[in-house]
file model_32.txt (compact mmCIF, C-alpha atoms)
# COMPACT_ATOMS: atom_id res chain seq x y z
CA MET A 8 -8.35 -15.52 -15.56
CA ALA A 9 -6.61 -18.06 -17.74
CA SER A 10 -2.87 -18.13 -18.03
CA GLU A 11 -1.59 -16.57 -21.23
CA VAL A 12 2.15 -16.53 -20.69
CA GLY A 13 3.30 -20.07 -21.28
CA GLY A 14 1.42 -21.40 -18.27
CA ILE A 15 3.75 -19.83 -15.70
CA THR A 16 2.30 -20.12 -12.23
CA PHE A 17 3.44 -18.72 -8.89
CA ASN A 18 3.28 -20.30 -5.48
CA ALA A 19 1.62 -18.72 -2.47
CA VAL A 20 4.87 -17.64 -0.81
CA THR A 21 5.97 -15.71 -3.91
CA VAL A 22 2.57 -14.02 -4.11
CA ILE A 23 2.64 -13.08 -0.42
CA VAL A 24 6.20 -11.71 -0.61
CA LEU A 25 5.33 -9.62 -3.67
CA ILE A 26 2.19 -8.23 -2.02
CA GLY A 27 4.37 -7.39 1.00
CA ILE A 28 6.91 -5.57 -1.17
CA VAL A 29 4.21 -3.57 -2.97
CA THR A 30 2.72 -2.66 0.42
CA TYR A 31 6.08 -1.57 1.83
CA VAL A 32 6.75 0.55 -1.24
CA CYS A 33 3.47 2.36 -0.51
CA ARG A 34 4.53 2.87 3.10
CA PHE A 35 7.92 4.29 2.23
CA ILE A 36 7.78 5.99 -1.14
CA GLY A 37 5.60 8.96 -0.17
CA PHE A 38 7.81 9.82 2.77
CA TRP A 39 10.89 9.53 0.56
CA ALA A 40 9.57 11.33 -2.51
CA ILE A 41 8.16 14.33 -0.66
CA GLY A 42 11.71 14.96 0.54
CA PHE A 43 12.47 16.41 -2.89
CA VAL A 44 9.73 19.00 -2.51
CA GLU A 45 9.75 22.03 -0.28
CA ILE A 46 6.82 21.72 2.09
CA GLY A 47 5.14 25.13 2.05
CA PRO A 48 2.10 26.32 4.02
CA ARG A 49 -0.42 24.95 1.51
CA LEU A 50 1.07 21.50 1.43
CA ARG A 51 1.33 21.53 5.21
CA ARG A 52 -2.32 22.51 5.40
CA SER A 53 -3.32 19.72 3.05
CA PHE A 54 -1.47 17.26 5.30
CA GLU A 55 -3.48 18.54 8.25
CA LEU A 56 -6.64 17.73 6.33
CA LEU A 57 -5.41 14.31 5.23
CA PRO A 58 -6.56 12.10 8.15
CA GLY A 59 -10.19 13.17 7.76
CA CYS A 60 -9.98 12.98 3.97
CA ILE A 61 -8.74 9.40 4.08
CA ALA A 62 -11.35 8.54 6.70
CA ALA A 63 -14.18 10.07 4.68
CA ALA A 64 -13.00 8.55 1.40
CA SER A 65 -12.68 5.09 2.99
CA ALA A 66 -15.81 5.18 5.11
CA LEU A 67 -18.52 6.96 3.15
CA PRO A 68 -18.71 4.69 0.05
CA VAL A 69 -18.71 1.56 2.24
CA ALA A 70 -21.38 2.97 4.55
CA ILE A 71 -23.57 4.06 1.65
CA ASP A 72 -23.36 0.54 0.22
CA ALA A 73 -24.25 -0.90 3.61
CA GLY A 74 -27.37 1.25 4.02
CA PRO A 75 -28.86 4.01 6.19
CA LEU A 76 -28.10 2.19 9.45
CA ALA A 77 -24.38 2.27 8.64
CA LEU A 78 -24.55 6.00 7.96
CA LEU A 79 -26.31 6.46 11.29
CA ALA A 80 -23.59 4.40 12.99
CA LEU A 81 -20.89 6.65 11.52
CA ALA A 82 -22.74 9.75 12.70
CA ILE A 83 -23.02 8.22 16.18
CA ALA A 84 -19.31 7.34 16.15
CA PHE A 85 -18.43 10.96 15.31
CA VAL A 86 -20.75 12.57 17.84
CA VAL A 87 -19.89 10.21 20.71
CA MET A 88 -16.17 10.63 20.10
CA ARG A 89 -16.47 14.43 20.02
CA ALA A 90 -18.43 14.27 23.27
CA VAL A 91 -16.48 11.78 25.37
CA ARG A 92 -13.12 11.41 23.57
CA ILE A 93 -12.77 7.77 24.56
CA GLU A 94 -12.23 5.66 21.44
CA ILE A 95 -13.61 2.39 22.73
CA VAL A 96 -16.87 4.01 23.88
CA ALA A 97 -17.48 5.51 20.44
CA ILE A 98 -16.56 2.28 18.64
CA VAL A 99 -18.81 0.16 20.85
CA ALA A 100 -21.69 2.62 20.50
CA ALA A 101 -21.50 2.54 16.70
CA LEU A 102 -20.77 -1.16 16.17
CA GLY A 103 -23.22 -2.05 18.93
CA LEU A 104 -25.99 -0.41 16.94
CA ILE A 105 -25.04 -2.38 13.83
CA ALA A 106 -24.52 -5.71 15.58
CA GLY A 107 -27.67 -5.25 17.67
CA SER A 108 -29.90 -4.59 14.71
CA ARG A 109 -28.34 -7.40 12.63
CA LEU A 110 -28.57 -9.96 15.39
CA ALA A 111 -32.13 -8.87 16.08
CA GLY A 112 -33.21 -8.79 12.46
CA MET B 16 -3.61 26.13 12.42
CA LEU B 17 -1.85 28.74 10.28
CA ASP B 18 0.41 29.69 13.13
CA GLN B 19 1.74 26.19 13.40
CA PRO B 20 4.91 26.62 11.28
CA GLU B 21 6.15 29.40 13.60
CA ARG B 22 5.37 27.32 16.64
CA HIS B 23 7.33 24.44 15.18
CA ASN B 24 10.33 26.60 14.36
CA THR B 25 10.75 27.62 17.95
CA GLY B 26 9.15 24.51 19.37
CA PRO B 27 10.68 21.61 21.26
CA ARG B 28 13.33 19.41 19.65
CA ILE B 29 12.23 16.30 17.78
CA VAL B 30 13.38 13.28 19.76
CA CYS B 31 12.99 9.52 19.72
CA THR B 32 12.88 7.91 23.15
CA ARG B 33 11.83 4.71 24.79
CA ALA B 34 9.28 6.67 26.84
CA GLY B 35 7.76 7.86 23.58
CA MET B 36 7.56 4.28 22.33
CA VAL B 37 5.78 3.17 25.50
CA LEU B 38 3.38 6.09 25.17
CA GLY B 39 2.71 5.12 21.56
CA ALA B 40 2.13 1.47 22.42
CA ARG B 41 -0.22 2.49 25.21
CA SER B 42 -2.17 4.73 22.84
CA MET B 43 -3.16 1.58 20.94
CA LEU B 44 -4.87 -0.04 23.94
CA PRO B 45 -8.34 1.42 23.31
CA ILE B 46 -8.50 -0.23 19.91
CA VAL B 47 -7.22 -3.62 21.06
CA PRO B 48 -10.66 -5.30 21.25
CA SER B 49 -11.74 -4.27 17.77
CA MET B 50 -8.30 -4.99 16.32
CA ALA B 51 -8.39 -8.47 17.87
CA PHE B 52 -11.70 -9.11 16.21
CA PHE B 53 -10.33 -7.97 12.89
CA ALA B 54 -7.16 -10.08 13.19
CA ILE B 55 -9.17 -13.18 14.12
CA ALA B 56 -11.44 -12.66 11.13
CA VAL B 57 -8.44 -12.40 8.79
CA GLY B 58 -6.92 -15.55 10.33
CA THR B 59 -10.19 -17.44 9.98
CA LEU B 60 -10.51 -16.41 6.34
CA ALA B 61 -6.91 -17.47 5.62
CA ALA B 62 -7.57 -20.91 7.09
CA GLN B 63 -10.77 -21.25 5.05
CA ARG B 64 -8.91 -20.25 1.89
CA GLY B 65 -6.34 -23.00 2.37
CA LEU B 66 -3.21 -21.03 3.27
CA SER B 67 -0.75 -23.05 5.32
CA PHE B 68 0.09 -21.82 8.82
CA GLY B 69 3.52 -20.67 7.62
CA GLU B 70 2.13 -18.86 4.60
CA PHE B 71 -0.39 -17.05 6.76
CA ALA B 72 2.26 -16.14 9.35
CA LEU B 73 4.37 -14.69 6.53
CA MET B 74 1.44 -12.68 5.25
CA GLN B 75 0.48 -11.47 8.69
CA GLY B 76 4.03 -10.39 9.55
CA PHE B 77 5.29 -9.15 6.21
CA VAL B 78 2.22 -7.61 4.53
CA PHE B 79 0.74 -6.36 7.83
CA ALA B 80 -2.15 -4.46 6.22
CA GLY B 81 -5.58 -5.65 7.30
CA VAL B 82 -7.87 -4.35 4.61
CA SER B 83 -5.64 -5.34 1.72
CA GLN B 84 -5.12 -8.78 3.29
CA LEU B 85 -8.89 -9.26 3.56
CA VAL B 86 -9.28 -8.37 -0.09
CA ALA B 87 -6.34 -10.55 -1.18
CA LEU B 88 -7.69 -13.50 0.79
CA GLY B 89 -11.17 -12.91 -0.62
CA GLY B 90 -9.78 -13.57 -4.09
CA TRP B 91 -7.19 -16.16 -3.09
CA GLN B 92 -6.29 -18.75 -5.77
CA ASP B 93 -4.92 -22.25 -5.57
CA THR B 94 -2.64 -21.58 -8.53
CA TRP B 95 -1.52 -18.12 -9.44
CA THR B 96 -1.15 -17.27 -13.11
CA LEU B 97 0.82 -14.19 -14.09
CA ALA B 98 -2.41 -12.35 -14.87
CA ALA B 99 -3.89 -13.20 -11.46
CA LEU B 100 -0.66 -12.21 -9.74
CA LEU B 101 -0.50 -8.84 -11.50
CA GLY B 102 -4.17 -8.33 -10.68
CA ILE B 103 -3.70 -8.89 -6.96
CA LEU B 104 -0.60 -6.68 -6.92
CA ALA B 105 -2.49 -3.86 -8.64
CA VAL B 106 -5.35 -4.19 -6.14
CA SER B 107 -2.91 -4.22 -3.20
CA PHE B 108 -1.23 -1.12 -4.58
CA THR B 109 -4.44 0.85 -5.02
CA ILE B 110 -5.77 -0.09 -1.58
CA ASN B 111 -2.48 0.79 0.08
CA SER B 112 -1.70 3.87 -1.97
CA ARG B 113 -3.32 5.97 0.77
CA MET B 114 -0.16 5.12 2.74
CA ILE B 115 1.88 7.07 0.17
CA LEU B 116 0.03 10.19 1.31
CA MET B 117 0.24 9.16 4.97
CA GLY B 118 3.99 8.65 4.74
CA ALA B 119 4.46 11.99 3.01
CA SER B 120 2.55 13.73 5.79
CA LEU B 121 5.06 12.41 8.33
CA ARG B 122 8.02 13.98 6.54
CA PRO B 123 8.04 17.37 8.32
CA TRP B 124 8.10 15.58 11.67
CA MET B 125 10.54 12.75 10.92
CA LYS B 126 12.86 14.20 8.29
CA ASP B 127 15.85 14.72 10.57
CA GLN B 128 15.77 11.21 12.00
CA PRO B 129 18.25 8.60 10.74
CA PHE B 130 17.31 7.15 7.34
CA TRP B 131 17.35 3.50 8.39
CA ARG B 132 15.26 4.10 11.45
CA ASN B 133 12.67 5.90 9.33
CA ALA B 134 12.72 3.08 6.79
CA LEU B 135 12.10 0.57 9.58
CA SER B 136 9.45 2.53 11.43
CA LEU B 137 7.56 3.10 8.18
CA PHE B 138 7.38 -0.67 7.80
CA ALA B 139 4.98 -0.60 10.75
CA LEU B 140 2.94 2.31 9.38
CA THR B 141 -0.78 1.54 9.61
CA ASP B 142 -3.94 3.61 9.62
CA ALA B 143 -4.32 3.20 13.36
CA ASN B 144 -0.87 4.21 14.51
CA TRP B 145 -0.60 6.95 11.91
CA LEU B 146 -3.86 8.50 13.08
CA THR B 147 -2.89 8.40 16.75
CA ALA B 148 0.63 9.64 16.02
CA ILE B 149 -0.75 12.55 13.97
CA ARG B 150 -3.12 13.42 16.81
CA TYR B 151 -0.28 13.20 19.33
CA HIS B 152 1.86 15.46 17.13
CA GLU B 153 -0.96 17.98 16.61
CA GLU B 154 -1.37 18.22 20.35
CA GLY B 155 2.29 19.23 20.61
CA GLY B 156 4.05 15.86 20.95
CA THR B 157 7.40 15.57 19.18
CA ASP B 158 8.69 12.13 20.17
CA VAL B 159 9.04 10.00 17.02
CA GLY B 160 9.13 6.96 19.30
CA HIS B 161 5.35 7.30 19.55
CA LEU B 162 4.91 6.11 15.96
CA ILE B 163 7.50 3.35 16.35
CA GLY B 164 6.14 2.03 19.64
CA SER B 165 2.54 1.99 18.45
CA GLY B 166 3.55 0.33 15.17
CA LEU B 167 5.62 -2.32 16.90
CA PHE B 168 2.84 -3.03 19.36
CA LEU B 169 0.31 -3.44 16.56
CA TRP B 170 2.66 -5.66 14.56
CA VAL B 171 3.18 -8.11 17.43
CA PHE B 172 -0.51 -8.02 18.29
CA TRP B 173 -1.64 -8.46 14.68
CA LEU B 174 0.67 -11.43 14.19
CA ALA B 175 -0.18 -13.16 17.46
CA ILE B 176 -3.96 -12.71 17.37
CA GLY B 177 -4.12 -13.48 13.66
CA LEU B 178 -2.44 -16.82 14.28
CA VAL B 179 -4.93 -17.53 17.06
CA GLY B 180 -7.73 -16.82 14.59
CA TYR B 181 -6.13 -19.15 12.07
CA GLY B 182 -5.84 -21.92 14.65
CA ALA B 183 -9.30 -21.40 16.04
CA GLY B 184 -10.82 -21.99 12.63
CA SER B 185 -14.36 -20.76 12.75
CA LEU B 186 -14.21 -18.81 15.98
CA ILE B 187 -16.29 -16.14 14.33
CA ALA B 188 -18.72 -17.97 12.13
CA ASN B 189 -20.42 -14.92 10.73
CA PRO B 190 -18.24 -11.83 11.06
CA ARG B 191 -20.81 -9.68 9.32
CA ALA B 192 -23.33 -10.23 12.09
CA PHE B 193 -20.98 -8.44 14.45
CA GLY B 194 -20.60 -5.47 12.15
CA LEU B 195 -17.06 -6.40 11.15
CA ASP B 196 -17.53 -5.09 7.62
CA LEU B 197 -18.10 -1.67 9.17
CA PHE B 198 -15.26 -1.83 11.67
CA MET B 199 -12.80 0.10 9.52
CA PRO B 200 -15.27 2.88 8.59
CA VAL B 201 -16.31 3.32 12.22
CA PHE B 202 -12.72 3.19 13.43
CA PHE B 203 -11.65 5.84 10.92
CA VAL B 204 -14.45 8.19 11.91
CA VAL B 205 -13.71 7.77 15.63
CA MET B 206 -10.00 8.42 15.17
CA VAL B 207 -10.40 11.60 13.14
CA ALA B 208 -13.36 13.09 15.02
CA PRO B 209 -11.11 15.01 17.47
CA LEU B 210 -9.18 16.50 14.53
CA TRP B 211 -12.19 18.34 13.16
CA LYS B 212 -11.72 22.09 13.56
CA GLY B 213 -14.19 23.97 11.41
CA ARG B 214 -15.36 24.93 7.97
CA ARG B 215 -12.18 23.98 6.10
CA HIS B 216 -12.23 20.51 7.59
CA THR B 217 -15.92 20.11 6.79
CA LEU B 218 -15.28 21.19 3.20
CA ALA B 219 -12.21 18.99 2.63
CA TRP B 220 -13.61 15.91 4.36
CA GLY B 221 -16.98 16.35 2.63
CA ILE B 222 -15.38 16.62 -0.80
CA ALA B 223 -13.20 13.58 -0.07
CA GLY B 224 -16.27 11.54 0.88
CA VAL B 225 -18.40 12.67 -2.07
CA VAL B 226 -15.64 12.27 -4.67
CA ALA B 227 -14.78 8.83 -3.28
CA THR B 228 -18.44 7.78 -3.43
CA ILE B 229 -18.67 8.88 -7.06
CA LEU B 230 -15.38 7.15 -7.98
CA HIS B 231 -16.55 4.01 -6.18
CA ALA B 232 -19.72 4.02 -8.27
CA VAL B 233 -18.04 4.52 -11.65
CA LEU B 234 -14.68 2.72 -11.30
CA PRO B 235 -13.92 -0.87 -10.36
CA GLY B 236 -11.40 -1.55 -7.59
CA TYR B 237 -10.14 0.64 -4.77
CA PHE B 238 -8.84 3.77 -6.49
CA TYR B 239 -11.68 5.69 -4.84
CA ILE B 240 -9.89 5.94 -1.49
CA VAL B 241 -6.76 7.73 -2.66
CA GLY B 242 -8.71 9.61 -5.36
CA GLY B 243 -11.22 11.01 -2.87
CA ALA B 244 -8.53 11.85 -0.33
CA LEU B 245 -6.43 13.70 -2.91
CA ALA B 246 -9.45 15.72 -4.06
CA GLY B 247 -10.40 16.70 -0.51
CA MET B 248 -6.93 17.62 0.70
CA THR B 249 -6.15 19.64 -2.44
CA ILE B 250 -9.34 21.68 -2.46
CA GLY B 251 -9.17 22.15 1.32
CA ALA B 252 -5.62 23.47 1.07
CA PHE B 253 -6.74 26.19 -1.33
CA TYR B 254 -9.71 27.27 0.77
CA ASP B 255 -8.66 30.40 2.57
CA GLY B 256 -11.46 30.71 5.10
CA LYS B 257 -11.30 29.23 8.56

call {"tool": "encode", "arguments": {"input": "model_32.txt", "output": "structure tokens"}}
result
Amino acid sequence: MASEVGGITFNAVTVIVLIGIVTYVCRFIGFWAIGFVEIGPRLRRSFELLPGCIAAASALPVAIDAGPLALLALAIAFVVMRAVRIEIVAIVAALGLIAGSRLAG
Amino acid sequence: MLDQPERHNTGPRIVCTRAGMVLGARSMLPIVPSMAFFAIAVGTLAAQRGLSFGEFALMQGFVFAGVSQLVALGGWQDTWTLAALLGILAVSFTINSRMILMGASLRPWMKDQPFWRNALSLFALTDANWLTAIRYHEEGGTDVGHLIGSGLFLWVFWLAIGLVGYGAGSLIANPRAFGLDLFMPVFFVVMVAPLWKGRRHTLAWGIAGVVATILHAVLPGYFYIVGGALAGMTIGAFYDGK
């Protein structure tokens, strides 16, 4: 993108600090703003569903882009974690499948 | 889960202790290997993109958000015009806007804690420590120190290992070969798997995934994450079955 506004440029430190501020605003503002709302049973229920919703919304599009093997890896991650409840085992099982097939192929 | 409000009303007091912080920090241990890999990859990319050591240390310590750092570094410029700056800020905001929802979900638990301590502990809010803290809280834990300890642990770890990755240059020549691009998806699925409870979760999580996939296909950028999550959590909240 070319500069339109009188050729103003910004150095890396400014850019990093601004990204950091935007990120912190995201971290804080939801916690702060929801304080003005009464948290009823429905909102509480939606919060209970939130971890899985964020996980699904982050993971599924990426996995679909990456192909069937990635979807299989996610299924394995879910099943292994439900079965053994040890995070590292489930992570290694899923990423091991991906890494194994990529290094092999 | 509908009986939870009653349980909380009569439940144990919300505290913040050093023991809770240690417990939180320890809860991060299982993800240390994968997180190290991730931090090294970010450090390597920063070195390749020409950030100075100090600039990268600032980013690692002050931004402290892996996925948005990867994306920012992917499009890193030598000179930043106003348009490029606003672009990267908008992208950072949409990627990290899921943390608006995450922060809000912590309110019922943390609302009676001192304002400044909440403001500080939310600085270290990440997907990983939020997910473990939520699980800890769902299993009956009330110690807010859990979130703080895990966040602090991750912050120190992320900074230290990232700098190692920066110094080591091309320690990981081809991160994709090791499945690094799928680390976050796999990690997310592993962390939430124990939280699955039945039809309502299947419905909400399914809708979140499908809506996000559609948004990802039709919209540029990263709005799909928060868009999908909002759709799933809203519809799930209005589903009255189990």

call {"tool": "closest_residue", "arguments": {"input": "model_32.txt", "among": "B:Ile240, B:Leu195, B:Leu38, B:Leu234", "to": "chain A", "atoms": "all atoms listed in the file"}}
result
B:Ile240

call {"tool": "closest_residue", "arguments": {"input": "model_32.txt", "among": "B:Thr249, B:Thr109, B:Asn144, B:Gln75", "to": "chain A", "atoms": "only C-alpha atoms"}}
result
B:Thr249

call {"tool": "closest_residue", "arguments": {"input": "model_32.txt", "among": "A:Ile83, A:Ala73, A:Pro48, A:Arg92", "to": "Arg109 in chain A", "atoms": "all atoms listed in the file"}}
result
A:Ala73

call {"tool": "interface_residues", "arguments": {"input": "model_32.txt", "of": "chain B", "to": "chain A", "cutoff": "6 Å", "atoms": "all atoms listed in the file", "output": "ChimeraX atom specification"}}
result
/B:45,74,77-78,95-96,104,112,114-116,118-120,122,137,192-194,200-201,203-205,207-209,220,223-224,227-228,240,243-244,247-248,252

call {"tool": "atom_distance", "arguments": {"input": "model_32.txt", "atom1": "CA of Arg113 in chain B", "atom2": "CA of Val179 in chain B"}}
result
28.6 Å

call {"tool": "atom_distance", "arguments": {"input": "model_32.txt", "atom1": "CA of Gly256 in chain B", "atom2": "CA of Gly213 in chain B"}}
result
9.6 Å

call {"tool": "atom_distance", "arguments": {"input": "model_32.txt", "atom1": "CA of Trp145 in chain B", "atom2": "CA of Leu162 in chain B"}}
result
6.9 Å

call {"tool": "residues_around", "arguments": {"input": "model_32.txt", "residues": "range 65-71 of chain B", "least_positions_apart": "5", "cutoff": "9 Å", "atoms": "all atoms listed in the file", "output": "MDAnalysis selection string"}}
result
(chainID A and resid 19:20 23) or (chainID B and resid 58 60 76 91 93 177:178 181:182)

call {"tool": "residues_around", "arguments": {"input": "model_32.txt", "residues": "Val106 in chain B", "least_positions_apart": "6", "cutoff": "9 Å", "atoms": "all atoms listed in the file", "output": "MDAnalysis selection string"}}
result
chainID B and resid 83 86:87 236:238

call {"tool": "build_atoms", "arguments": {"input": "model_32.txt", "residues": "range 40-58 of chain A", "atoms": "N, CA and C atoms", "output": "short mmCIF file (atom, residue, chain, number, x, y, z; two decimals), in the frame of the given file"}}
result
data_model
loop_
_atom_site.label_atom_id
_atom_site.label_comp_id
_atom_site.auth_asym_id
_atom_site.auth_seq_id
_atom_site.Cartn_x
_atom_site.Cartn_y
_atom_site.Cartn_z
N ALA A 40 9.71 10.45 -1.35
CA ALA A 40 9.57 11.33 -2.51
C ALA A 40 9.29 12.78 -2.11
N ILE A 41 8.52 12.96 -1.04
CA ILE A 41 8.16 14.33 -0.66
C ILE A 41 9.40 15.08 -0.14
N GLY A 42 10.46 14.34 0.12
CA GLY A 42 11.71 14.96 0.54
C GLY A 42 12.34 15.82 -0.55
N PHE A 43 11.92 15.61 -1.80
CA PHE A 43 12.47 16.41 -2.89
C PHE A 43 11.67 17.68 -3.13
N VAL A 44 10.63 17.86 -2.33
CA VAL A 44 9.73 19.00 -2.51
C VAL A 44 9.84 19.87 -1.27
N GLU A 45 9.81 21.17 -1.46
CA GLU A 45 9.75 22.03 -0.28
C GLU A 45 8.32 22.06 0.24
N ILE A 46 8.16 21.79 1.53
CA ILE A 46 6.82 21.72 2.09
C ILE A 46 6.40 23.11 2.57
N GLY A 47 5.61 23.78 1.73
CA GLY A 47 5.14 25.13 2.05
C GLY A 47 3.87 25.08 2.87
N PRO A 48 3.30 26.27 3.17
CA PRO A 48 2.10 26.32 4.02
C PRO A 48 0.90 25.57 3.42
N ARG A 49 0.75 25.63 2.08
CA ARG A 49 -0.42 24.95 1.51
C ARG A 49 -0.31 23.44 1.62
N LEU A 50 0.88 22.94 1.33
CA LEU A 50 1.07 21.50 1.43
C LEU A 50 0.91 21.04 2.88
N ARG A 51 1.45 21.85 3.79
CA ARG A 51 1.33 21.53 5.21
C ARG A 51 -0.14 21.49 5.62
N ARG A 52 -0.89 22.46 5.09
CA ARG A 52 -2.32 22.51 5.40
C ARG A 52 -3.04 21.29 4.84
N SER A 53 -2.65 20.89 3.63
CA SER A 53 -3.32 19.72 3.05
C SER A 53 -3.00 18.46 3.86
N PHE A 54 -1.81 18.39 4.43
CA PHE A 54 -1.47 17.26 5.30
C PHE A 54 -2.33 17.25 6.56
N GLU A 55 -2.62 18.47 7.07
CA GLU A 55 -3.48 18.54 8.25
C GLU A 55 -4.87 18.01 7.95
N LEU A 56 -5.29 18.18 6.70
CA LEU A 56 -6.64 17.73 6.33
C LEU A 56 -6.67 16.25 5.97
N LEU A 57 -5.49 15.67 5.77
CA LEU A 57 -5.41 14.31 5.23
C LEU A 57 -6.11 13.23 6.07
N PRO A 58 -5.92 13.21 7.40
CA PRO A 58 -6.56 12.10 8.15
C PRO A 58 -8.07 12.02 7.89
#
